[in-house]
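Colleague: Below you'll find target.csv; it's CSV, C-alpha atoms and all ligand atoms.
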```csv
chain,number,residue,atom,x,y,z
A,1,MET,CA,-0.9,21.6,63.6
A,2,ASP,CA,1.8,21.1,66.2
A,3,LYS,CA,1.4,18.5,68.8
A,4,ASP,CA,0.3,20.8,71.6
A,5,THR,CA,-2.4,22.3,69.6
A,6,MET,CA,-3.7,19.0,68.6
A,7,GLU,CA,-3.6,17.7,72.2
A,8,SER,CA,-5.5,20.6,73.5
A,9,GLU,CA,-8.1,20.3,70.7
A,10,VAL,CA,-8.6,16.7,71.5
A,11,ARG,CA,-9.0,17.6,75.2
A,12,THR,CA,-11.6,20.2,74.3
A,13,ILE,CA,-13.6,17.7,72.4
A,14,VAL,CA,-13.4,15.2,75.2
A,15,ASP,CA,-14.4,17.8,77.7
A,16,ALA,CA,-17.3,18.9,75.7
A,17,ALA,CA,-18.4,15.3,75.2
A,18,SER,CA,-18.2,14.4,78.8
A,19,ALA,CA,-19.9,17.6,79.9
A,20,ARG,CA,-22.8,16.7,77.6
A,21,ILE,CA,-23.0,13.2,79.0
A,22,LEU,CA,-22.7,14.4,82.6
A,23,THR,CA,-25.6,16.8,82.3
A,24,PRO,CA,-28.9,15.3,83.4
A,25,ARG,CA,-31.3,15.1,80.5
A,26,GLU,CA,-34.6,17.2,80.7
A,27,GLY,CA,-36.9,15.3,83.1
A,28,GLU,CA,-34.4,12.5,83.7
A,29,CYS,CA,-34.7,11.0,87.1
A,30,LEU,CA,-32.0,10.5,89.6
A,31,VAL,CA,-31.8,6.8,89.3
A,32,CYS,CA,-31.8,6.6,85.5
A,33,TYR,CA,-29.2,9.3,85.5
A,34,VAL,CA,-26.9,7.5,87.9
A,35,PHE,CA,-27.4,4.3,86.0
A,36,ARG,CA,-26.5,5.9,82.8
A,37,GLN,CA,-23.3,7.5,84.3
A,38,LEU,CA,-22.2,4.3,85.9
A,39,GLY,CA,-22.5,2.6,82.6
A,40,GLU,CA,-20.4,5.3,81.0
A,41,PHE,CA,-17.8,6.0,83.6
A,42,GLY,CA,-18.1,3.4,86.3
A,43,CYS,CA,-18.1,3.9,90.1
A,44,ASP,CA,-15.2,5.6,91.7
A,45,GLY,CA,-16.3,4.8,95.3
A,46,THR,CA,-18.1,8.1,95.8
A,47,HIS,CA,-21.6,9.6,95.2
A,48,ARG,CA,-20.2,11.8,92.5
A,49,PHE,CA,-23.1,11.2,90.1
A,50,ALA,CA,-25.9,11.4,92.7
A,51,LEU,CA,-24.2,14.7,93.8
A,52,THR,CA,-23.9,16.0,90.3
A,53,PHE,CA,-27.6,15.3,89.7
A,54,ARG,CA,-28.6,17.0,92.9
A,55,ASP,CA,-26.4,20.0,92.3
A,56,ARG,CA,-27.7,20.5,88.8
A,57,THR,CA,-31.4,19.7,89.2
A,58,ALA,CA,-32.3,19.8,92.8
A,59,PRO,CA,-29.9,21.8,94.9
A,60,ARG,CA,-32.3,22.1,97.7
A,61,ALA,CA,-32.6,18.4,98.2
A,62,THR,CA,-30.1,18.4,101.0
A,63,ALA,CA,-31.5,15.3,102.6
A,64,LEU,CA,-30.8,13.2,99.5
A,65,MET,CA,-27.6,11.6,100.7
A,66,GLU,CA,-29.1,10.8,104.0
A,67,ARG,CA,-32.1,9.2,102.2
A,68,LEU,CA,-29.8,7.1,100.0
A,69,GLY,CA,-27.8,6.1,103.0
A,70,SER,CA,-30.9,4.9,104.8
A,71,MET,CA,-31.7,2.7,101.8
A,72,GLY,CA,-28.3,1.1,102.0
A,73,ALA,CA,-26.4,3.3,99.5
A,74,CYS,CA,-24.4,5.2,102.1
A,75,CYS,CA,-21.0,5.2,100.4
A,76,CYS,CA,-21.1,5.2,96.6
A,77,ASP,CA,-23.3,5.3,93.5
A,78,CYS,CA,-23.2,1.7,92.6
A,79,GLU,CA,-24.7,0.8,95.9
A,80,VAL,CA,-27.9,2.5,94.7
A,81,PHE,CA,-28.3,-0.5,92.4
A,82,ASN,CA,-26.9,-3.1,94.8
A,83,ASN,CA,-29.0,-2.1,97.8
A,84,ALA,CA,-31.7,0.5,97.0
A,85,TYR,CA,-33.3,0.2,93.6
A,86,THR,CA,-33.9,-2.4,91.0
A,87,PHE,CA,-35.8,-2.6,87.7
A,88,ALA,CA,-39.6,-2.4,87.9
A,89,SER,CA,-41.4,-5.3,86.3
A,90,ARG,CA,-41.9,-3.2,83.2
A,91,PRO,CA,-39.3,-0.5,82.8
A,92,TRP,CA,-39.4,1.5,79.6
A,93,ILE,CA,-37.1,-0.5,77.3
A,94,THR,CA,-37.0,0.0,73.6
A,95,GLY,CA,-35.0,-1.4,70.7
A,96,ALA,CA,-35.8,1.6,68.6
A,97,ALA,CA,-33.2,4.0,67.5
A,98,PHE,CA,-34.6,7.0,69.3
A,99,GLY,CA,-33.5,5.3,72.5
A,100,ALA,CA,-29.9,6.2,71.7
A,101,ASP,CA,-30.8,9.8,72.4
A,102,ILE,CA,-32.8,9.5,75.5
A,103,GLY,CA,-31.8,6.1,77.0
A,104,THR,CA,-29.0,4.0,78.4
A,105,GLU,CA,-27.7,1.5,75.9
A,106,PHE,CA,-27.4,-2.2,76.6
A,107,GLU,CA,-25.7,-4.6,74.3
A,108,SER,CA,-25.9,-8.3,74.3
A,109,GLN,CA,-24.3,-11.1,72.4
A,110,GLU,CA,-27.6,-12.8,71.7
A,111,PRO,CA,-30.7,-11.0,70.7
A,112,VAL,CA,-32.8,-10.5,73.9
A,113,ASP,CA,-36.4,-11.3,73.7
A,114,LEU,CA,-37.8,-8.0,75.0
A,115,ARG,CA,-41.3,-9.4,75.3
A,116,GLU,CA,-40.2,-12.2,77.6
A,117,GLU,CA,-37.6,-10.3,79.6
A,118,PHE,CA,-39.5,-7.1,80.1
A,119,GLY,CA,-43.1,-7.7,79.0
A,120,ILE,CA,-42.8,-5.2,76.2
A,121,ASN,CA,-44.2,-5.7,72.8
A,122,GLU,CA,-41.2,-5.3,70.6
A,123,SER,CA,-39.2,-7.7,68.5
A,124,PRO,CA,-36.0,-9.2,70.0
A,125,ALA,CA,-33.0,-6.9,69.9
A,126,ARG,CA,-29.3,-7.1,70.3
A,127,VAL,CA,-29.0,-3.4,71.3
A,128,PHE,CA,-31.7,-1.9,73.4
A,129,TYR,CA,-32.1,1.1,75.6
A,130,LEU,CA,-33.5,1.9,79.0
A,131,CYS,CA,-35.4,5.2,78.7
A,132,CYS,CA,-36.3,7.3,81.7
A,133,GLN,CA,-40.1,7.8,82.2
A,134,PHE,CA,-39.4,11.3,83.6
A,135,VAL,CA,-40.0,13.1,86.8
A,136,ARG,CA,-40.9,16.6,87.5
A,137,ARG,CA,-38.1,19.1,87.8
A,138,GLY,CA,-36.4,19.3,91.2
A,139,SER,CA,-37.5,15.8,92.2
A,140,THR,CA,-35.0,13.3,93.4
A,141,GLN,CA,-37.5,10.4,93.2
A,142,PRO,CA,-37.0,7.6,90.7
A,143,CYS,CA,-39.3,7.3,87.7
A,144,PRO,CA,-41.5,4.2,87.3
A,145,ASN,CA,-38.6,2.2,85.8
A,146,TRP,CA,-37.4,1.5,89.3
A,147,VAL,CA,-38.7,0.0,92.5
A,148,ARG,CA,-37.3,-0.2,96.0
A,149,MET,CA,-35.6,-3.4,96.8
A,150,GLY,CA,-37.5,-5.6,99.1
A,151,ARG,CA,-35.7,-5.2,102.3
A,152,TRP,CA,-32.7,-3.4,103.6
B,201,ZN,ZN,-19.5,1.9,94.1
B,202,ZN,ZN,-35.9,7.4,85.3
```
Hey, can you dump this file as structure tokens for me?
Ligand SMILES: [Zn+2]
Ligand SMILES: [Zn+2]
Modeller:
Amino acid sequence: MDKDTMESEVRTIVDAASARILTPREGECLVCYVFRQLGEFGCDGTHRFALTFRDRTAPRATALMERLGSMGACCCDCEVFNNAYTFASRPWITGAAFGADIGTEFESQEPVDLREEFGINESPARVFYLCCQFVRRGSTQPCPNWVRMGRW
């Protein structure tokens, strides 16, 4: 294989992988989706993930950006978590392996006591996952993992 072929194959694989990651999962809510993408790619100072979500799952939700703006997330995706939404008291967190397929991974140096941190009945874990509790298709509301921040 010459170098060009190899590079383009590598690029195809990377493209396919990021396309898969970028696609909202079936029933995944806006906020879990943006959270997952930010963990993967970071914020680039725009609403690219919120917009991707809207375009792919709720193209008619034209007021979404306005709504996010009114909650303090006017300029970029990470503001959603700085200003608009925070974890509910009992988000769906699991240490089980299926979380890798449906959730966003967290890693920690020390095992986290899931019962104490999140009130869930699982043994402490070093790697755990935030799993979306799902919304109906076309919705731009967050699932019960998230609550509005107190005041903005
Ligand atoms: Zn940002
Ligand atoms: Zn969710």
Colleague: Taking all atoms listed in the file and a cut-off of 10 Å, can you tell me which residues surround ligand ZN 201 (chain B), written as a PDB file with C-alpha atoms, in the frame of the given file?
Modeller:
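Output contents, as saved in result-v1.pdb:
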```
ATOM      1  CA  LEU A  38     -22.200   4.300  85.900  1.00  0.00           C
ATOM      2  CA  GLY A  42     -18.100   3.400  86.300  1.00  0.00           C
ATOM      3  CA  CYS A  43     -18.100   3.900  90.100  1.00  0.00           C
ATOM      4  CA  ASP A  44     -15.200   5.600  91.700  1.00  0.00           C
ATOM      5  CA  GLY A  45     -16.300   4.800  95.300  1.00  0.00           C
ATOM      6  CA  THR A  46     -18.100   8.100  95.800  1.00  0.00           C
ATOM      7  CA  HIS A  47     -21.600   9.600  95.200  1.00  0.00           C
ATOM      8  CA  ALA A  73     -26.400   3.300  99.500  1.00  0.00           C
ATOM      9  CA  CYS A  74     -24.400   5.200 102.100  1.00  0.00           C
ATOM     10  CA  CYS A  75     -21.000   5.200 100.400  1.00  0.00           C
ATOM     11  CA  CYS A  76     -21.100   5.200  96.600  1.00  0.00           C
ATOM     12  CA  ASP A  77     -23.300   5.300  93.500  1.00  0.00           C
ATOM     13  CA  CYS A  78     -23.200   1.700  92.600  1.00  0.00           C
ATOM     14  CA  GLU A  79     -24.700   0.800  95.900  1.00  0.00           C
ATOM     15  CA  VAL A  80     -27.900   2.500  94.700  1.00  0.00           C
ATOM     16  CA  PHE A  81     -28.300  -0.500  92.400  1.00  0.00           C
ATOM     17  CA  ASN A  82     -26.900  -3.100  94.800  1.00  0.00           C
TER      18      ASN A  82
END
```
Colleague: Which protein, DNA or RNA residues have an atom within 6 Å of ligand ZN 202 (chain B), counting only C-alpha atoms and all ligand atoms, as a JSON list (two decimals) with C-alpha atoms, in the frame of the given file?
Modeller:
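Written file, selection.json:
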```
[["chain", "number", "residue", "atom", "x", "y", "z"],
["A", 28, "GLU", "CA", -34.40, 12.50, 83.70],
["A", 29, "CYS", "CA", -34.70, 11.00, 87.10],
["A", 31, "VAL", "CA", -31.80, 6.80, 89.30],
["A", 32, "CYS", "CA", -31.80, 6.60, 85.50],
["A", 132, "CYS", "CA", -36.30, 7.30, 81.70],
["A", 133, "GLN", "CA", -40.10, 7.80, 82.20],
["A", 134, "PHE", "CA", -39.40, 11.30, 83.60],
["A", 142, "PRO", "CA", -37.00, 7.60, 90.70],
["A", 143, "CYS", "CA", -39.30, 7.30, 87.70],
["A", 145, "ASN", "CA", -38.60, 2.20, 85.80]]
```
Colleague: Tell me which of A:Leu22, A:Thr62, A:Phe49, A:Phe87 sits closest to Arg148 (chain A), counting all atoms listed in the file.
Modeller: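 So, comparing all the options, the nearest one is A:Phe87.
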Colleague: Could you give me, as a list in words, the residues within 7 Å of Met149 (chain A), counting all atoms listed in the file and dropping anything in the same chain fewer than 5 positions from it?
Modeller: Asn83, Ala84, Tyr85 and Thr86 of chain A
Colleague: Between A:Val127, A:Arg48, A:Ala19, A:Ala61, which has the minimum distance to Ala97 (chain A) (counting all atoms listed in the file)?
Modeller: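 Checking each of A:Val127, A:Arg48, A:Ala19, A:Ala61 against Ala97 (chain A), counting all atoms listed in the file, the winner is A:Val127.
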